[in-house]
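Read through the structure below, which is laid out as structure tokens, and then see the notes.
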Amino acid sequence: MKPIHRRAAVQAVTVALAAAAGHGRAATPHPASGSAAAPRSANRKILIVVSSHDRKGDNLVAGFWFPELTHPAKVFAQAGYDYDIASPQGGMPPFDGFDLQDEGNRWFWIQPEQRNRLAHSLPLARVDASRYEAVVLVGGHGPMWDFAGNRSLHAIVRSVYERGGVVGAVCHGPAGLLGLQLSDGRSLIAGRRLTSFTNDEEASRHYDRLVPFKLESALEAESARFEKADVFQSRVVVDGRLVTGQNPASAQPFGEAVVALLGAQSL
């Protein structure tokens, strides 16, 4: 992810998105479109969680990384799964990586119902976790601040996982798995194979000077079995019902892995 000194520009895009989505009350979520596939059932839904934290340092946008939302969302829609978007604060979340030359971003952006559900993201505190068969934590640097140690997020992930659902996290999204304990007190990630944005990837863009901690090191400190590809190469790790992706290049295959697990559960 390239350093982008364009906070004002991203804010302008955010304002435009909110205006395009409409004002007032949030609309009822619609089935994901862009595919001939119909939602498999009203109960087979995925919760996508994005960050509400808007900055890293003084001049750099944080929030979520746009393709890490749109690429998995497109995979989910094409597989016939509906989804909701949530964030710690709800409403319009901040984002980076907005580029309409990216196919996944363009697919998402041209559909008003997709923009609407993003503009009216559900506050985590109001999410009914029992409605979802999978929860997906999107990356970008924002999660390093507002996913880590987030009790509302932990409660949702715990509920989905303990009901037999799938837990996924891509890039910096695994920050939301740190310190997460199951109902019996066991760590969700201790002894589990997983991946995330790596220390080398952070240092390669000098983001290691801005983030509050090193995610790879923090996951290893909680006894996760960390796996990784070379810097900015795609890597997806599946361990049971836990799916993780290393970086933006992993976003689409990460979404495909989530869908594969959901499909296997329905057999």
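Note on naming: chains are A, B, ... as they come in the structure tokens, residues start from 1 per chain, ligands start from 1 in the order shown.
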
Filtered DSSP result for region 9-213 of chain A, state strand (DSSP E or B), as a PyMOL selection string: chain A and resi 45-49+55-56+60-61+64-65+82-87+91+95-96+121-123+132-137+166-170+181+187+193-194

Can you tell me, as an MDAnalysis selection string, what residues are no more than 12 Å from Ser266 (chain A) when counting only C-alpha atoms, ignoring any on the same chain fewer than 3 positions away? chainID A and resid 40:41 44 133 164:165 259:263

Dump all heavy atoms for the selected residues as a PDB file, in the first residue's frame?
```pdb
ATOM      1  N   ARG A  40     -28.646 -17.544  -1.360  1.00  0.00           N
ATOM      2  CA  ARG A  40     -29.027 -18.933  -1.101  1.00  0.00           C
ATOM      3  C   ARG A  40     -30.171 -19.027  -0.113  1.00  0.00           C
ATOM      4  O   ARG A  40     -31.035 -19.868  -0.242  1.00  0.00           O
ATOM      5  CB  ARG A  40     -27.803 -19.704  -0.593  1.00  0.00           C
ATOM      6  CG  ARG A  40     -26.672 -19.668  -1.622  1.00  0.00           C
ATOM      7  CD  ARG A  40     -25.478 -20.475  -1.176  1.00  0.00           C
ATOM      8  NE  ARG A  40     -24.441 -20.367  -2.195  1.00  0.00           N
ATOM      9  CZ  ARG A  40     -23.595 -21.335  -2.490  1.00  0.00           C
ATOM     10  NH1 ARG A  40     -23.656 -22.471  -1.861  1.00  0.00           N
ATOM     11  NH2 ARG A  40     -22.689 -21.156  -3.416  1.00  0.00           N
ATOM     12  N   SER A  41     -30.178 -18.172   0.885  1.00  0.00           N
ATOM     13  CA  SER A  41     -31.315 -18.068   1.799  1.00  0.00           C
ATOM     14  C   SER A  41     -31.113 -16.824   2.617  1.00  0.00           C
ATOM     15  O   SER A  41     -30.016 -16.274   2.701  1.00  0.00           O
ATOM     16  CB  SER A  41     -31.416 -19.304   2.714  1.00  0.00           C
ATOM     17  OG  SER A  41     -30.503 -19.205   3.782  1.00  0.00           O
ATOM     18  N   ARG A  44     -28.326 -17.201   5.213  1.00  0.00           N
ATOM     19  CA  ARG A  44     -26.927 -17.430   4.863  1.00  0.00           C
ATOM     20  C   ARG A  44     -26.294 -16.102   4.503  1.00  0.00           C
ATOM     21  O   ARG A  44     -26.116 -15.759   3.334  1.00  0.00           O
ATOM     22  CB  ARG A  44     -26.804 -18.455   3.749  1.00  0.00           C
ATOM     23  CG  ARG A  44     -27.249 -19.834   4.225  1.00  0.00           C
ATOM     24  CD  ARG A  44     -26.993 -20.909   3.196  1.00  0.00           C
ATOM     25  NE  ARG A  44     -25.576 -21.097   2.889  1.00  0.00           N
ATOM     26  CZ  ARG A  44     -24.707 -21.707   3.667  1.00  0.00           C
ATOM     27  NH1 ARG A  44     -25.071 -22.149   4.854  1.00  0.00           N
ATOM     28  NH2 ARG A  44     -23.455 -21.865   3.283  1.00  0.00           N
ATOM     29  N   GLU A 133     -23.440 -16.369   9.178  1.00  0.00           N
ATOM     30  CA  GLU A 133     -22.709 -17.632   9.146  1.00  0.00           C
ATOM     31  C   GLU A 133     -21.220 -17.425   8.958  1.00  0.00           C
ATOM     32  O   GLU A 133     -20.447 -18.377   9.051  1.00  0.00           O
ATOM     33  CB  GLU A 133     -23.252 -18.525   8.030  1.00  0.00           C
ATOM     34  CG  GLU A 133     -24.696 -18.940   8.282  1.00  0.00           C
ATOM     35  CD  GLU A 133     -25.086 -20.139   7.445  1.00  0.00           C
ATOM     36  OE1 GLU A 133     -24.191 -20.876   6.984  1.00  0.00           O
ATOM     37  OE2 GLU A 133     -26.288 -20.336   7.258  1.00  0.00           O
ATOM     38  N   GLY A 164     -20.442 -22.454  14.902  1.00  0.00           N
ATOM     39  CA  GLY A 164     -19.991 -23.245  13.762  1.00  0.00           C
ATOM     40  C   GLY A 164     -19.745 -22.446  12.509  1.00  0.00           C
ATOM     41  O   GLY A 164     -19.577 -23.027  11.434  1.00  0.00           O
ATOM     42  N   GLY A 165     -19.686 -21.123  12.628  1.00  0.00           N
ATOM     43  CA  GLY A 165     -19.478 -20.275  11.473  1.00  0.00           C
ATOM     44  C   GLY A 165     -18.021 -20.090  11.117  1.00  0.00           C
ATOM     45  O   GLY A 165     -17.109 -20.587  11.793  1.00  0.00           O
ATOM     46  N   VAL A 259     -15.852 -18.546   0.898  1.00  0.00           N
ATOM     47  CA  VAL A 259     -16.983 -19.154   0.195  1.00  0.00           C
ATOM     48  C   VAL A 259     -16.842 -20.666   0.142  1.00  0.00           C
ATOM     49  O   VAL A 259     -17.821 -21.415   0.323  1.00  0.00           O
ATOM     50  CB  VAL A 259     -17.120 -18.573  -1.221  1.00  0.00           C
ATOM     51  CG1 VAL A 259     -18.047 -19.413  -2.094  1.00  0.00           C
ATOM     52  CG2 VAL A 259     -17.639 -17.135  -1.152  1.00  0.00           C
ATOM     53  N   ALA A 260     -15.646 -21.166  -0.101  1.00  0.00           N
ATOM     54  CA  ALA A 260     -15.420 -22.605  -0.155  1.00  0.00           C
ATOM     55  C   ALA A 260     -15.774 -23.265   1.169  1.00  0.00           C
ATOM     56  O   ALA A 260     -16.399 -24.343   1.186  1.00  0.00           O
ATOM     57  CB  ALA A 260     -13.973 -22.902  -0.536  1.00  0.00           C
ATOM     58  N   LEU A 261     -15.397 -22.643   2.279  1.00  0.00           N
ATOM     59  CA  LEU A 261     -15.729 -23.211   3.570  1.00  0.00           C
ATOM     60  C   LEU A 261     -17.242 -23.183   3.827  1.00  0.00           C
ATOM     61  O   LEU A 261     -17.808 -24.155   4.336  1.00  0.00           O
ATOM     62  CB  LEU A 261     -15.013 -22.436   4.689  1.00  0.00           C
ATOM     63  CG  LEU A 261     -13.569 -22.821   4.965  1.00  0.00           C
ATOM     64  CD1 LEU A 261     -12.997 -21.943   6.069  1.00  0.00           C
ATOM     65  CD2 LEU A 261     -13.452 -24.291   5.349  1.00  0.00           C
ATOM     66  N   LEU A 262     -17.884 -22.097   3.489  1.00  0.00           N
ATOM     67  CA  LEU A 262     -19.332 -22.025   3.653  1.00  0.00           C
ATOM     68  C   LEU A 262     -20.040 -23.071   2.804  1.00  0.00           C
ATOM     69  O   LEU A 262     -20.994 -23.700   3.240  1.00  0.00           O
ATOM     70  CB  LEU A 262     -19.840 -20.630   3.289  1.00  0.00           C
ATOM     71  CG  LEU A 262     -19.496 -19.513   4.288  1.00  0.00           C
ATOM     72  CD1 LEU A 262     -19.885 -18.150   3.711  1.00  0.00           C
ATOM     73  CD2 LEU A 262     -20.197 -19.744   5.619  1.00  0.00           C
ATOM     74  N   GLY A 263     -19.538 -23.263   1.572  1.00  0.00           N
ATOM     75  CA  GLY A 263     -20.127 -24.270   0.701  1.00  0.00           C
ATOM     76  C   GLY A 263     -19.935 -25.671   1.251  1.00  0.00           C
ATOM     77  O   GLY A 263     -20.841 -26.504   1.186  1.00  0.00           O
TER      78      GLY A 263
END
```

Val231 (chain A) environment, 10 Å, only C-alpha atoms, sequence neighbours closer than 4 positions dropped, as number ranges by chain: A: 197-202, 204, 246-247

File dump, residues just selected, C-alpha atoms, as a PDB file, in the first residue's frame:
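selection-v3.pdb, written as the output of this step:
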```pdb
ATOM      1  CA  PHE A 197       0.316  -8.054   6.757  1.00  0.00           C
ATOM      2  CA  THR A 198       3.912  -8.809   7.692  1.00  0.00           C
ATOM      3  CA  ASN A 199       6.590  -6.868   9.528  1.00  0.00           C
ATOM      4  CA  ASP A 200       8.642  -6.728   6.318  1.00  0.00           C
ATOM      5  CA  GLU A 201       5.711  -5.346   4.345  1.00  0.00           C
ATOM      6  CA  GLU A 202       5.140  -2.699   7.017  1.00  0.00           C
ATOM      7  CA  SER A 204       9.015  -1.626   3.200  1.00  0.00           C
ATOM      8  CA  GLN A 246      -1.712 -11.686   4.014  1.00  0.00           C
ATOM      9  CA  ASN A 247      -2.197  -8.463   2.048  1.00  0.00           C
TER      10      ASN A 247
END
```

Test item: residues at most 8 Å from region 176-191 of chain A, only C-alpha atoms, excluding those fewer than 3 positions along its chain, as number ranges by chain: A: 137, 143, 147-150, 153-154, 158, 162, 173, 218-219, 222-225

May I have the selected residues written with all heavy atoms, as a short mmCIF file (atom, residue, chain, number, x, y, z; two decimals), in the first residue's frame?
```cif
data_model
loop_
_atom_site.label_atom_id
_atom_site.label_comp_id
_atom_site.auth_asym_id
_atom_site.auth_seq_id
_atom_site.Cartn_x
_atom_site.Cartn_y
_atom_site.Cartn_z
N LEU A 137 -13.13 -9.71 8.60
CA LEU A 137 -12.51 -8.49 9.09
C LEU A 137 -11.58 -7.94 8.00
O LEU A 137 -10.58 -8.56 7.65
CB LEU A 137 -11.71 -8.77 10.37
CG LEU A 137 -12.44 -9.57 11.46
CD1 LEU A 137 -11.57 -9.64 12.72
CD2 LEU A 137 -13.79 -8.98 11.77
N PRO A 143 -7.69 -0.88 11.40
CA PRO A 143 -7.90 -1.94 12.39
C PRO A 143 -6.82 -2.01 13.47
O PRO A 143 -7.07 -2.54 14.56
CB PRO A 143 -7.91 -3.21 11.54
CG PRO A 143 -8.43 -2.76 10.22
CD PRO A 143 -7.82 -1.40 10.02
N PHE A 147 -9.77 -2.22 15.87
CA PHE A 147 -10.14 -3.64 15.95
C PHE A 147 -9.47 -4.29 17.16
O PHE A 147 -10.07 -5.12 17.83
CB PHE A 147 -9.71 -4.39 14.70
CG PHE A 147 -10.62 -4.26 13.52
CD1 PHE A 147 -11.60 -3.28 13.46
CD2 PHE A 147 -10.49 -5.13 12.44
CE1 PHE A 147 -12.44 -3.16 12.35
CE2 PHE A 147 -11.31 -5.02 11.33
CZ PHE A 147 -12.28 -4.04 11.28
N ALA A 148 -8.23 -3.92 17.41
CA ALA A 148 -7.46 -4.56 18.49
C ALA A 148 -8.13 -4.29 19.84
O ALA A 148 -8.37 -3.14 20.21
CB ALA A 148 -6.04 -4.04 18.50
N GLY A 149 -8.45 -5.35 20.55
CA GLY A 149 -9.06 -5.22 21.87
C GLY A 149 -10.50 -4.74 21.86
O GLY A 149 -11.03 -4.37 22.91
N ASN A 150 -11.16 -4.75 20.72
CA ASN A 150 -12.54 -4.26 20.61
C ASN A 150 -13.50 -5.32 21.13
O ASN A 150 -13.71 -6.36 20.50
CB ASN A 150 -12.85 -3.90 19.16
CG ASN A 150 -14.17 -3.19 19.00
OD1 ASN A 150 -15.20 -3.63 19.48
ND2 ASN A 150 -14.15 -2.07 18.29
N LEU A 153 -16.46 -6.29 18.84
CA LEU A 153 -16.00 -7.13 17.73
C LEU A 153 -15.69 -8.53 18.21
O LEU A 153 -16.07 -9.52 17.57
CB LEU A 153 -14.77 -6.50 17.09
CG LEU A 153 -14.17 -7.26 15.89
CD1 LEU A 153 -15.19 -7.42 14.78
CD2 LEU A 153 -12.92 -6.54 15.38
N HIS A 154 -15.03 -8.64 19.34
CA HIS A 154 -14.71 -9.96 19.88
C HIS A 154 -15.98 -10.76 20.14
O HIS A 154 -16.04 -11.97 19.87
CB HIS A 154 -13.92 -9.82 21.18
CG HIS A 154 -12.48 -9.48 20.97
ND1 HIS A 154 -11.55 -9.44 22.00
CD2 HIS A 154 -11.78 -9.18 19.85
CE1 HIS A 154 -10.37 -9.12 21.51
NE2 HIS A 154 -10.48 -8.94 20.21
N ARG A 158 -16.70 -14.27 18.35
CA ARG A 158 -16.89 -15.43 19.24
C ARG A 158 -18.23 -16.11 18.97
O ARG A 158 -18.31 -17.35 18.85
CB ARG A 158 -16.82 -14.98 20.70
CG ARG A 158 -16.96 -16.13 21.71
CD ARG A 158 -17.00 -15.60 23.13
NE ARG A 158 -15.86 -14.77 23.43
CZ ARG A 158 -15.92 -13.46 23.68
NH1 ARG A 158 -17.09 -12.82 23.67
NH2 ARG A 158 -14.82 -12.78 23.94
N GLU A 162 -18.44 -19.90 17.54
CA GLU A 162 -18.94 -20.95 18.43
C GLU A 162 -20.26 -21.54 17.95
O GLU A 162 -20.64 -22.62 18.41
CB GLU A 162 -19.08 -20.39 19.85
CG GLU A 162 -17.73 -20.07 20.47
CD GLU A 162 -17.80 -19.66 21.93
OE1 GLU A 162 -18.89 -19.23 22.39
OE2 GLU A 162 -16.77 -19.76 22.62
N GLY A 173 -6.69 -6.94 9.17
CA GLY A 173 -7.90 -7.40 9.84
C GLY A 173 -7.64 -8.32 11.02
O GLY A 173 -8.35 -8.27 12.02
N ALA A 218 2.81 -9.43 17.12
CA ALA A 218 1.76 -9.55 18.13
C ALA A 218 1.02 -10.87 18.00
O ALA A 218 0.67 -11.50 19.01
CB ALA A 218 0.78 -8.38 18.00
N LEU A 219 0.77 -11.31 16.78
CA LEU A 219 0.10 -12.60 16.58
C LEU A 219 0.99 -13.75 17.05
O LEU A 219 0.52 -14.69 17.70
CB LEU A 219 -0.26 -12.76 15.10
CG LEU A 219 -1.35 -11.81 14.59
CD1 LEU A 219 -1.38 -11.80 13.06
CD2 LEU A 219 -2.72 -12.19 15.14
N GLU A 222 1.02 -14.30 20.73
CA GLU A 222 -0.13 -15.03 21.27
C GLU A 222 -0.15 -16.47 20.77
O GLU A 222 -1.18 -17.13 20.76
CB GLU A 222 -1.42 -14.30 20.90
CG GLU A 222 -1.54 -12.94 21.59
CD GLU A 222 -2.92 -12.34 21.54
OE1 GLU A 222 -3.88 -13.04 21.11
OE2 GLU A 222 -3.06 -11.18 21.92
N SER A 223 1.03 -16.95 20.37
CA SER A 223 1.27 -18.36 20.01
C SER A 223 0.60 -18.79 18.72
O SER A 223 0.37 -19.99 18.49
CB SER A 223 0.83 -19.30 21.15
OG SER A 223 1.55 -19.01 22.34
N ALA A 224 0.26 -17.83 17.84
CA ALA A 224 -0.22 -18.19 16.51
C ALA A 224 0.94 -18.72 15.69
O ALA A 224 2.09 -18.31 15.87
CB ALA A 224 -0.85 -16.98 15.82
N ARG A 225 0.66 -19.63 14.78
CA ARG A 225 1.68 -20.21 13.89
C ARG A 225 1.65 -19.40 12.59
O ARG A 225 0.90 -19.69 11.68
CB ARG A 225 1.38 -21.69 13.65
CG ARG A 225 1.46 -22.53 14.92
CD ARG A 225 0.77 -23.88 14.73
NE ARG A 225 1.33 -24.62 13.60
CZ ARG A 225 0.73 -25.68 13.06
NH1 ARG A 225 -0.43 -26.12 13.55
NH2 ARG A 225 1.28 -26.30 12.03
#
```

Give the answer as one residue: which of A:Ala86, A:Val50, A:Leu122, A:Leu69 has the shortest atom-to-atom distance to Ala175 (chain A), using only C-alpha atoms?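 Selected residue with least distance to Ala175 (chain A): A:Val50.
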
Which residue is closest to Pro212 (chain A)? Choose from A:Phe98, A:Phe64, A:Trp145, A:Tyr81 and count only C-alpha atoms.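 Nearest candidate to Pro212 (chain A) out of A:Phe98, A:Phe64, A:Trp145, A:Tyr81: A:Trp145.
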
Residues flagged helix (DSSP H, G or I) by DSSP in region 90-224 of chain A, as a VMD selection string: chain A and resid 103 to 109 112 to 119 124 to 126 129 to 131 143 to 146 151 to 162 173 to 177 199 to 204 207 to 209 215 to 221

Quick one: pull the distance between CA of Phe76 (chain A) and CA of Arg115 (chain A), Å, one decimal.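 It comes out at 16.0 Å.
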